[in-house]
file query_3.cif (mmCIF, C-alpha atoms)
data_query
#
loop_
_atom_site.group_PDB
_atom_site.id
_atom_site.type_symbol
_atom_site.label_atom_id
_atom_site.label_comp_id
_atom_site.auth_asym_id
_atom_site.auth_seq_id
_atom_site.Cartn_x
_atom_site.Cartn_y
_atom_site.Cartn_z
ATOM 1 C CA THR A 1 -161.905 -127.221 -241.833
ATOM 2 C CA THR A 2 -160.429 -127.106 -245.368
ATOM 3 C CA LEU A 3 -159.035 -124.498 -247.699
ATOM 4 C CA PRO A 4 -161.767 -122.887 -249.825
ATOM 5 C CA SER A 5 -161.844 -123.595 -253.559
ATOM 6 C CA PRO A 6 -159.925 -121.433 -256.048
ATOM 7 C CA GLU A 7 -163.327 -120.050 -257.152
ATOM 8 C CA PHE A 8 -163.769 -118.571 -253.643
ATOM 9 C CA PHE A 9 -160.504 -116.643 -254.001
ATOM 10 C CA LYS A 10 -161.289 -115.096 -257.408
ATOM 11 C CA GLY A 11 -160.981 -111.317 -257.228
ATOM 12 C CA LYS A 12 -159.405 -111.430 -253.775
ATOM 13 C CA ILE A 13 -155.890 -110.619 -252.586
ATOM 14 C CA LEU A 14 -154.142 -113.120 -250.315
ATOM 15 C CA ILE A 15 -151.570 -111.703 -247.920
ATOM 16 C CA LYS A 16 -148.833 -114.091 -246.814
ATOM 17 C CA GLY A 17 -147.148 -113.089 -243.616
ATOM 18 C CA LYS A 18 -146.516 -113.577 -239.971
ATOM 19 C CA LYS A 19 -149.274 -113.367 -237.413
ATOM 20 C CA LEU A 20 -149.301 -112.205 -233.818
ATOM 21 C CA PRO A 21 -150.795 -114.650 -231.278
ATOM 22 C CA LEU A 22 -154.611 -114.566 -231.064
ATOM 23 C CA GLN A 23 -154.582 -113.414 -227.431
ATOM 24 C CA PHE A 24 -152.149 -110.562 -228.239
ATOM 25 C CA GLU A 25 -153.255 -107.157 -226.973
ATOM 26 C CA GLY A 26 -151.658 -103.909 -228.018
ATOM 27 C CA ASN A 27 -150.852 -102.118 -231.262
ATOM 28 C CA GLU A 28 -147.639 -103.895 -232.222
ATOM 29 C CA GLY A 29 -145.541 -106.888 -231.248
ATOM 30 C CA ASN A 30 -142.491 -108.886 -232.280
ATOM 31 C CA VAL A 31 -142.256 -111.918 -234.545
ATOM 32 C CA THR A 32 -139.201 -113.967 -235.576
ATOM 33 C CA ASP A 33 -137.909 -115.676 -238.711
ATOM 34 C CA GLU A 34 -138.287 -119.063 -236.975
ATOM 35 C CA ASP A 35 -141.346 -120.121 -238.988
ATOM 36 C CA GLU A 36 -139.844 -119.300 -242.385
ATOM 37 C CA GLY A 37 -138.105 -121.909 -244.506
ATOM 38 C CA THR A 38 -134.328 -121.663 -244.302
ATOM 39 C CA GLU A 39 -131.696 -123.374 -246.331
ATOM 40 C CA PRO A 40 -129.790 -126.082 -244.439
ATOM 41 C CA GLU A 41 -126.392 -124.460 -245.118
ATOM 42 C CA LYS A 42 -127.550 -121.196 -243.581
ATOM 43 C CA LYS A 43 -129.107 -122.980 -240.621
ATOM 44 C CA LYS A 44 -125.839 -124.652 -239.614
ATOM 45 C CA ASN A 45 -123.850 -121.418 -239.758
ATOM 46 C CA ASN A 46 -126.359 -119.318 -237.817
ATOM 47 C CA LYS A 47 -127.408 -121.865 -235.185
ATOM 48 C CA ARG A 48 -126.286 -119.675 -232.272
ATOM 49 C CA GLU A 49 -128.729 -119.366 -229.409
ATOM 50 C CA GLY A 50 -130.714 -116.155 -229.640
ATOM 51 C CA SER A 51 -129.704 -115.589 -233.262
ATOM 52 C CA LEU A 52 -133.320 -115.356 -234.475
ATOM 53 C CA LYS A 53 -133.973 -111.959 -235.963
ATOM 54 C CA LYS A 54 -136.966 -110.142 -234.476
ATOM 55 C CA HIS A 55 -139.278 -107.941 -236.516
ATOM 56 C CA ARG A 56 -141.921 -105.504 -235.310
ATOM 57 C CA LEU A 57 -145.402 -106.221 -236.585
ATOM 58 C CA THR A 58 -148.509 -104.082 -236.131
ATOM 59 C CA LYS A 59 -151.712 -105.757 -235.001
ATOM 60 C CA GLU A 60 -153.510 -104.106 -237.918
ATOM 61 C CA LEU A 61 -151.228 -105.833 -240.481
ATOM 62 C CA SER A 62 -151.293 -109.115 -238.570
ATOM 63 C CA ASP A 63 -155.097 -109.135 -238.679
ATOM 64 C CA LEU A 64 -155.048 -108.987 -242.511
ATOM 65 C CA VAL A 65 -153.302 -112.376 -242.673
ATOM 66 C CA SER A 66 -155.838 -115.204 -242.574
ATOM 67 C CA TYR A 67 -155.132 -117.892 -245.204
ATOM 68 C CA CYS A 68 -151.356 -117.650 -245.579
ATOM 69 C CA VAL A 69 -149.923 -117.735 -242.065
ATOM 70 C CA SER A 70 -146.254 -118.754 -242.210
ATOM 71 C CA ARG A 71 -145.383 -122.053 -240.554
ATOM 72 C CA LYS A 72 -142.013 -123.779 -240.387
ATOM 73 C CA PHE A 73 -141.964 -127.114 -242.216
ATOM 74 C CA GLU A 74 -140.639 -129.981 -240.104
ATOM 75 C CA ASP A 75 -141.696 -133.102 -241.999
ATOM 76 C CA PHE A 76 -144.738 -134.494 -243.791
ATOM 77 C CA GLN A 77 -145.979 -136.540 -240.821
ATOM 78 C CA THR A 78 -145.866 -133.538 -238.452
ATOM 79 C CA SER A 79 -147.662 -131.374 -241.020
ATOM 80 C CA GLN A 80 -150.363 -133.995 -241.490
ATOM 81 C CA GLN A 81 -150.970 -134.180 -237.734
ATOM 82 C CA ASN A 82 -150.538 -130.569 -236.598
ATOM 83 C CA GLN A 83 -150.720 -128.121 -239.484
ATOM 84 C CA LYS A 84 -153.870 -126.068 -240.083
ATOM 85 C CA TYR A 85 -155.221 -125.554 -243.597
ATOM 86 C CA TRP A 86 -154.584 -121.795 -243.463
ATOM 87 C CA GLU A 87 -150.845 -122.210 -242.733
ATOM 88 C CA ILE A 88 -148.279 -122.055 -245.547
ATOM 89 C CA ASN A 89 -144.822 -123.637 -245.715
ATOM 90 C CA SER A 90 -141.892 -121.974 -247.462
ATOM 91 C CA PHE A 91 -139.221 -124.089 -249.136
ATOM 92 C CA SER A 92 -135.969 -123.039 -250.715
ATOM 93 C CA GLU A 93 -135.518 -124.246 -254.267
ATOM 94 C CA SER A 94 -133.004 -126.906 -253.176
ATOM 95 C CA GLN A 95 -135.152 -128.108 -250.255
ATOM 96 C CA ALA A 96 -138.243 -128.439 -252.499
ATOM 97 C CA LEU A 97 -136.250 -130.222 -255.208
ATOM 98 C CA ASN A 98 -134.815 -132.625 -252.635
ATOM 99 C CA LEU A 99 -138.294 -133.415 -251.264
ATOM 100 C CA ALA A 100 -139.658 -133.865 -254.792
ATOM 101 C CA MET A 101 -136.878 -136.332 -255.657
ATOM 102 C CA LEU A 102 -136.895 -138.326 -252.390
ATOM 103 C CA CYS A 103 -140.623 -138.485 -251.680
ATOM 104 C CA PRO A 104 -142.697 -137.242 -254.637
ATOM 105 C CA GLU A 105 -145.966 -138.789 -253.423
ATOM 106 C CA ASP A 106 -145.626 -137.088 -250.039
ATOM 107 C CA ILE A 107 -145.056 -133.607 -251.453
ATOM 108 C CA VAL A 108 -147.985 -133.958 -253.874
ATOM 109 C CA SER A 109 -150.210 -135.198 -251.047
ATOM 110 C CA HIS A 110 -149.014 -132.348 -248.802
ATOM 111 C CA ASN A 111 -149.854 -129.772 -251.489
ATOM 112 C CA LYS A 112 -153.380 -131.145 -251.839
ATOM 113 C CA LYS A 113 -154.123 -130.141 -248.263
ATOM 114 C CA PHE A 114 -151.753 -127.244 -247.482
ATOM 115 C CA LEU A 115 -150.322 -124.214 -249.268
ATOM 116 C CA SER A 116 -146.647 -124.156 -250.183
ATOM 117 C CA ARG A 117 -144.235 -121.565 -251.518
ATOM 118 C CA VAL A 118 -140.895 -122.160 -253.238
ATOM 119 C CA TYR A 119 -138.287 -119.399 -253.463
ATOM 120 C CA PRO A 120 -134.930 -119.200 -255.287
ATOM 121 C CA ASN A 121 -131.756 -120.346 -253.526
ATOM 122 C CA SER A 122 -129.722 -117.540 -252.008
ATOM 123 C CA MET A 123 -126.737 -118.934 -253.920
ATOM 124 C CA ARG A 124 -128.234 -117.615 -257.191
ATOM 125 C CA VAL A 125 -126.051 -114.494 -257.007
ATOM 126 C CA ASP A 126 -126.543 -113.903 -260.744
ATOM 127 C CA SER A 127 -130.334 -113.826 -260.154
ATOM 128 C CA SER A 128 -130.875 -116.635 -262.652
ATOM 129 C CA ASN A 129 -134.142 -118.562 -262.564
ATOM 130 C CA TYR A 130 -135.011 -122.218 -262.188
ATOM 131 C CA ASN A 131 -137.790 -123.968 -264.091
ATOM 132 C CA PRO A 132 -141.030 -123.280 -262.169
ATOM 133 C CA GLN A 133 -142.823 -126.123 -263.985
ATOM 134 C CA ASP A 134 -140.947 -128.704 -261.889
ATOM 135 C CA PHE A 135 -142.572 -127.345 -258.723
ATOM 136 C CA TRP A 136 -145.995 -126.711 -260.258
ATOM 137 C CA ASN A 137 -145.992 -130.385 -261.285
ATOM 138 C CA CYS A 138 -145.622 -131.270 -257.580
ATOM 139 C CA GLY A 139 -148.581 -129.047 -256.728
ATOM 140 C CA CYS A 140 -146.634 -126.125 -255.208
ATOM 141 C CA HIS A 141 -148.896 -123.081 -255.196
ATOM 142 C CA ILE A 142 -146.499 -120.143 -255.102
ATOM 143 C CA VAL A 143 -143.278 -120.485 -257.071
ATOM 144 C CA ALA A 144 -141.220 -117.312 -256.763
ATOM 145 C CA LEU A 145 -138.718 -116.255 -259.411
ATOM 146 C CA ASN A 146 -136.206 -113.436 -259.753
ATOM 147 C CA TYR A 147 -138.232 -110.825 -261.638
ATOM 148 C CA GLN A 148 -135.164 -108.794 -262.609
ATOM 149 C CA THR A 149 -133.973 -111.600 -264.911
ATOM 150 C CA THR A 150 -135.815 -112.067 -268.183
ATOM 151 C CA GLY A 151 -135.692 -115.242 -270.229
ATOM 152 C CA LEU A 152 -137.436 -118.502 -270.995
ATOM 153 C CA MET A 153 -138.275 -119.372 -267.370
ATOM 154 C CA MET A 154 -139.815 -115.938 -266.760
ATOM 155 C CA ASP A 155 -141.790 -116.282 -270.022
ATOM 156 C CA LEU A 156 -143.094 -119.640 -268.808
ATOM 157 C CA TYR A 157 -143.971 -118.080 -265.464
#

call {"tool": "encode", "arguments": {"input": "query_3.cif", "output": "structure tokens"}}
result
Amino acid sequence: TTLPSPEFFKGKILIKGKKLPLQFEGNEGNVTDEDEGTEPEKKKNNKREGSLKKHRLTKELSDLVSYCVSRKFEDFQTSQQNQKYWEINSFSESQALNLAMLCPEDIVSHNKKFLSRVYPNSMRVDSSNYNPQDFWNCGCHIVALNYQTTGLMMDLY
């Protein structure tokens, strides 16, 4: 009913990904980007019906995903009521920063119960990095940086 302790995960590899429905039969199926975090600016521009990109996913790969199943974040109340402990939310850097500024207690509380991932804004065309400490302080578990850019933030990471 709850996420195992960090001690349980020592020496293990967690695979974050999409998952085919439990009742799915066959060797491969399709999944969409719908459950991934998207930046609001992108969402408005690509809000055409049927614009969700489909990806093929093998059942074998889907079965490897158990603790990091992608789930679209709606709001803290919906997560509290409907989200399972093995589901992970992805936030763009700007979305996570906005949540941390507007409702810091909610994001900390959310991260006590569920996994979260923060990724760099797509507007970082120079591949610069933000300070990961800001998101670690909020309890975010996975804070992705641009590995091709060295510097202080990558050293901290």

call {"tool": "resolve_selection", "arguments": {"input": "query_3.cif", "expression": "the PyMOL selection byres ((chain A and resi 71) around 8)", "output": "PyMOL selection string"}}
result
chain A and resi 35-36+69-70+72-73+87-90

call {"tool": "axis_aligned_box", "arguments": {"input": "query_3.cif", "around": "segment 15-32 of chain A", "padding_each_side": "8 Å", "output": "lines of an AutoDock Vina configuration file"}}
result
center_x = -146.9
center_y = -108.4
center_z = -237.4
size_x = 31.4
size_y = 28.5
size_z = 36.9

call {"tool": "closest_residue", "arguments": {"input": "query_3.cif", "among": "A:Asn82, A:Ser109, A:Thr58, A:Asn129", "to": "Leu145 of chain A", "atoms": "all atoms listed in the file"}}
result
A:Asn129

call {"tool": "resolve_selection", "arguments": {"input": "query_3.cif", "expression": "the PyMOL selection byres ((chain A and resi 60-64) around 9)", "output": "list in words"}}
result
Leu14, Ile15, Gly17, Lys18, Lys19, Leu20, Asn27, Glu28, Leu57, Thr58, Lys59, Val65 and Ser66 of chain A

call {"tool": "residues_around", "arguments": {"input": "query_3.cif", "residues": "Asp126 of chain A", "least_positions_apart": "3", "cutoff": "12 Å", "atoms": "only C-alpha atoms", "output": "list in words"}}
result
Pro120, Asn121, Ser122, Met123, Asn129, Tyr130, Asn146, Gln148 and Thr149 of chain A

call {"tool": "write_last_selection", "arguments": {"input": "query_3.cif", "atoms": "C-alpha atoms", "output": "PDB file, in the coordinates of the input"}}
result
ATOM      1  CA  PRO A 120    -134.930-119.200-255.287  1.00  0.00           C
ATOM      2  CA  ASN A 121    -131.756-120.346-253.526  1.00  0.00           C
ATOM      3  CA  SER A 122    -129.722-117.540-252.008  1.00  0.00           C
ATOM      4  CA  MET A 123    -126.737-118.934-253.920  1.00  0.00           C
ATOM      5  CA  ASN A 129    -134.142-118.562-262.564  1.00  0.00           C
ATOM      6  CA  TYR A 130    -135.011-122.218-262.188  1.00  0.00           C
ATOM      7  CA  ASN A 146    -136.206-113.436-259.753  1.00  0.00           C
ATOM      8  CA  GLN A 148    -135.164-108.794-262.609  1.00  0.00           C
ATOM      9  CA  THR A 149    -133.973-111.600-264.911  1.00  0.00           C
TER      10      THR A 149
END

call {"tool": "residues_around", "arguments": {"input": "query_3.cif", "residues": "Ser79 of chain A", "least_positions_apart": "5", "cutoff": "9 Å", "atoms": "only C-alpha atoms", "output": "PyMOL selection string"}}
result
chain A and resi 73-74+84+110+114

call {"tool": "residues_around", "arguments": {"input": "query_3.cif", "residues": "segment 103-108 of chain A", "least_positions_apart": "4", "cutoff": "9 Å", "atoms": "only C-alpha atoms", "output": "NGL selection string"}}
result
:A and (76 or 96 or 98-99 or 112 or 137-140)

call {"tool": "build_atoms", "arguments": {"input": "query_3.cif", "residues": "segment 93-117 of chain A", "atoms": "N, CA, C and O atoms", "output": "PDB file, in the frame of the given file"}}
result
ATOM      1  N   GLU A  93    -135.549-123.466-253.024  1.00  0.00           N
ATOM      2  CA  GLU A  93    -135.518-124.246-254.267  1.00  0.00           C
ATOM      3  C   GLU A  93    -134.860-125.606-254.056  1.00  0.00           C
ATOM      4  O   GLU A  93    -135.394-126.639-254.468  1.00  0.00           O
ATOM      5  N   SER A  94    -133.715-125.641-253.371  1.00  0.00           N
ATOM      6  CA  SER A  94    -133.004-126.906-253.176  1.00  0.00           C
ATOM      7  C   SER A  94    -133.752-127.836-252.227  1.00  0.00           C
ATOM      8  O   SER A  94    -133.792-129.046-252.431  1.00  0.00           O
ATOM      9  N   GLN A  95    -134.388-127.283-251.192  1.00  0.00           N
ATOM     10  CA  GLN A  95    -135.152-128.108-250.255  1.00  0.00           C
ATOM     11  C   GLN A  95    -136.364-128.723-250.962  1.00  0.00           C
ATOM     12  O   GLN A  95    -136.645-129.914-250.808  1.00  0.00           O
ATOM     13  N   ALA A  96    -137.072-127.935-251.773  1.00  0.00           N
ATOM     14  CA  ALA A  96    -138.243-128.439-252.499  1.00  0.00           C
ATOM     15  C   ALA A  96    -137.832-129.494-253.520  1.00  0.00           C
ATOM     16  O   ALA A  96    -138.503-130.516-253.676  1.00  0.00           O
ATOM     17  N   LEU A  97    -136.730-129.255-254.215  1.00  0.00           N
ATOM     18  CA  LEU A  97    -136.250-130.222-255.208  1.00  0.00           C
ATOM     19  C   LEU A  97    -135.865-131.539-254.540  1.00  0.00           C
ATOM     20  O   LEU A  97    -136.193-132.622-255.025  1.00  0.00           O
ATOM     21  N   ASN A  98    -135.210-131.445-253.399  1.00  0.00           N
ATOM     22  CA  ASN A  98    -134.815-132.625-252.635  1.00  0.00           C
ATOM     23  C   ASN A  98    -136.046-133.423-252.194  1.00  0.00           C
ATOM     24  O   ASN A  98    -136.085-134.655-252.335  1.00  0.00           O
ATOM     25  N   LEU A  99    -137.063-132.734-251.677  1.00  0.00           N
ATOM     26  CA  LEU A  99    -138.294-133.415-251.264  1.00  0.00           C
ATOM     27  C   LEU A  99    -138.993-134.049-252.458  1.00  0.00           C
ATOM     28  O   LEU A  99    -139.519-135.162-252.364  1.00  0.00           O
ATOM     29  N   ALA A 100    -139.001-133.346-253.591  1.00  0.00           N
ATOM     30  CA  ALA A 100    -139.658-133.865-254.792  1.00  0.00           C
ATOM     31  C   ALA A 100    -138.952-135.116-255.323  1.00  0.00           C
ATOM     32  O   ALA A 100    -139.603-136.014-255.858  1.00  0.00           O
ATOM     33  N   MET A 101    -137.637-135.176-255.177  1.00  0.00           N
ATOM     34  CA  MET A 101    -136.878-136.332-255.657  1.00  0.00           C
ATOM     35  C   MET A 101    -136.984-137.515-254.699  1.00  0.00           C
ATOM     36  O   MET A 101    -137.131-138.648-255.132  1.00  0.00           O
ATOM     37  N   LEU A 102    -136.906-137.250-253.381  1.00  0.00           N
ATOM     38  CA  LEU A 102    -136.895-138.326-252.390  1.00  0.00           C
ATOM     39  C   LEU A 102    -138.283-138.885-252.075  1.00  0.00           C
ATOM     40  O   LEU A 102    -138.428-140.079-251.831  1.00  0.00           O
ATOM     41  N   CYS A 103    -139.276-138.017-252.043  1.00  0.00           N
ATOM     42  CA  CYS A 103    -140.623-138.485-251.680  1.00  0.00           C
ATOM     43  C   CYS A 103    -141.685-137.721-252.472  1.00  0.00           C
ATOM     44  O   CYS A 103    -142.407-136.901-251.899  1.00  0.00           O
ATOM     45  N   PRO A 104    -141.760-137.979-253.783  1.00  0.00           N
ATOM     46  CA  PRO A 104    -142.697-137.242-254.637  1.00  0.00           C
ATOM     47  C   PRO A 104    -144.164-137.392-254.238  1.00  0.00           C
ATOM     48  O   PRO A 104    -144.922-136.425-254.298  1.00  0.00           O
ATOM     49  N   GLU A 105    -144.572-138.590-253.815  1.00  0.00           N
ATOM     50  CA  GLU A 105    -145.966-138.789-253.423  1.00  0.00           C
ATOM     51  C   GLU A 105    -146.316-137.954-252.193  1.00  0.00           C
ATOM     52  O   GLU A 105    -147.414-137.403-252.095  1.00  0.00           O
ATOM     53  N   ASP A 106    -145.377-137.848-251.269  1.00  0.00           N
ATOM     54  CA  ASP A 106    -145.626-137.088-250.039  1.00  0.00           C
ATOM     55  C   ASP A 106    -145.792-135.597-250.315  1.00  0.00           C
ATOM     56  O   ASP A 106    -146.661-134.953-249.728  1.00  0.00           O
ATOM     57  N   ILE A 107    -144.950-135.044-251.189  1.00  0.00           N
ATOM     58  CA  ILE A 107    -145.056-133.607-251.453  1.00  0.00           C
ATOM     59  C   ILE A 107    -146.335-133.292-252.225  1.00  0.00           C
ATOM     60  O   ILE A 107    -146.996-132.289-251.973  1.00  0.00           O
ATOM     61  N   VAL A 108    -146.726-134.161-253.141  1.00  0.00           N
ATOM     62  CA  VAL A 108    -147.985-133.958-253.874  1.00  0.00           C
ATOM     63  C   VAL A 108    -149.160-134.039-252.906  1.00  0.00           C
ATOM     64  O   VAL A 108    -150.067-133.202-252.921  1.00  0.00           O
ATOM     65  N   SER A 109    -149.152-135.033-252.037  1.00  0.00           N
ATOM     66  CA  SER A 109    -150.210-135.198-251.047  1.00  0.00           C
ATOM     67  C   SER A 109    -150.272-133.994-250.102  1.00  0.00           C
ATOM     68  O   SER A 109    -151.358-133.499-249.772  1.00  0.00           O
ATOM     69  N   HIS A 110    -149.102-133.521-249.681  1.00  0.00           N
ATOM     70  CA  HIS A 110    -149.014-132.348-248.802  1.00  0.00           C
ATOM     71  C   HIS A 110    -149.649-131.133-249.475  1.00  0.00           C
ATOM     72  O   HIS A 110    -150.416-130.395-248.862  1.00  0.00           O
ATOM     73  N   ASN A 111    -149.353-130.943-250.765  1.00  0.00           N
ATOM     74  CA  ASN A 111    -149.854-129.772-251.489  1.00  0.00           C
ATOM     75  C   ASN A 111    -151.342-129.857-251.820  1.00  0.00           C
ATOM     76  O   ASN A 111    -151.944-128.863-252.190  1.00  0.00           O
ATOM     77  N   LYS A 112    -151.933-131.023-251.660  1.00  0.00           N
ATOM     78  CA  LYS A 112    -153.380-131.145-251.839  1.00  0.00           C
ATOM     79  C   LYS A 112    -154.124-130.565-250.642  1.00  0.00           C
ATOM     80  O   LYS A 112    -155.260-130.125-250.756  1.00  0.00           O
ATOM     81  N   LYS A 113    -153.464-130.566-249.492  1.00  0.00           N
ATOM     82  CA  LYS A 113    -154.123-130.141-248.263  1.00  0.00           C
ATOM     83  C   LYS A 113    -153.630-128.788-247.748  1.00  0.00           C
ATOM     84  O   LYS A 113    -154.387-128.052-247.114  1.00  0.00           O
ATOM     85  N   PHE A 114    -152.351-128.464-248.020  1.00  0.00           N
ATOM     86  CA  PHE A 114    -151.753-127.244-247.482  1.00  0.00           C
ATOM     87  C   PHE A 114    -151.124-126.409-248.595  1.00  0.00           C
ATOM     88  O   PHE A 114    -150.758-126.927-249.638  1.00  0.00           O
ATOM     89  N   LEU A 115    -150.986-125.111-248.324  1.00  0.00           N
ATOM     90  CA  LEU A 115    -150.322-124.214-249.268  1.00  0.00           C
ATOM     91  C   LEU A 115    -148.815-124.325-249.121  1.00  0.00           C
ATOM     92  O   LEU A 115    -148.293-124.559-248.025  1.00  0.00           O
ATOM     93  N   SER A 116    -148.110-124.144-250.233  1.00  0.00           N
ATOM     94  CA  SER A 116    -146.647-124.156-250.183  1.00  0.00           C
ATOM     95  C   SER A 116    -146.090-123.106-251.128  1.00  0.00           C
ATOM     96  O   SER A 116    -146.695-122.775-252.141  1.00  0.00           O
ATOM     97  N   ARG A 117    -144.930-122.592-250.743  1.00  0.00           N
ATOM     98  CA  ARG A 117    -144.235-121.565-251.518  1.00  0.00           C
ATOM     99  C   ARG A 117    -142.801-122.016-251.719  1.00  0.00           C
ATOM    100  O   ARG A 117    -142.168-122.518-250.791  1.00  0.00           O
TER     101      ARG A 117
END
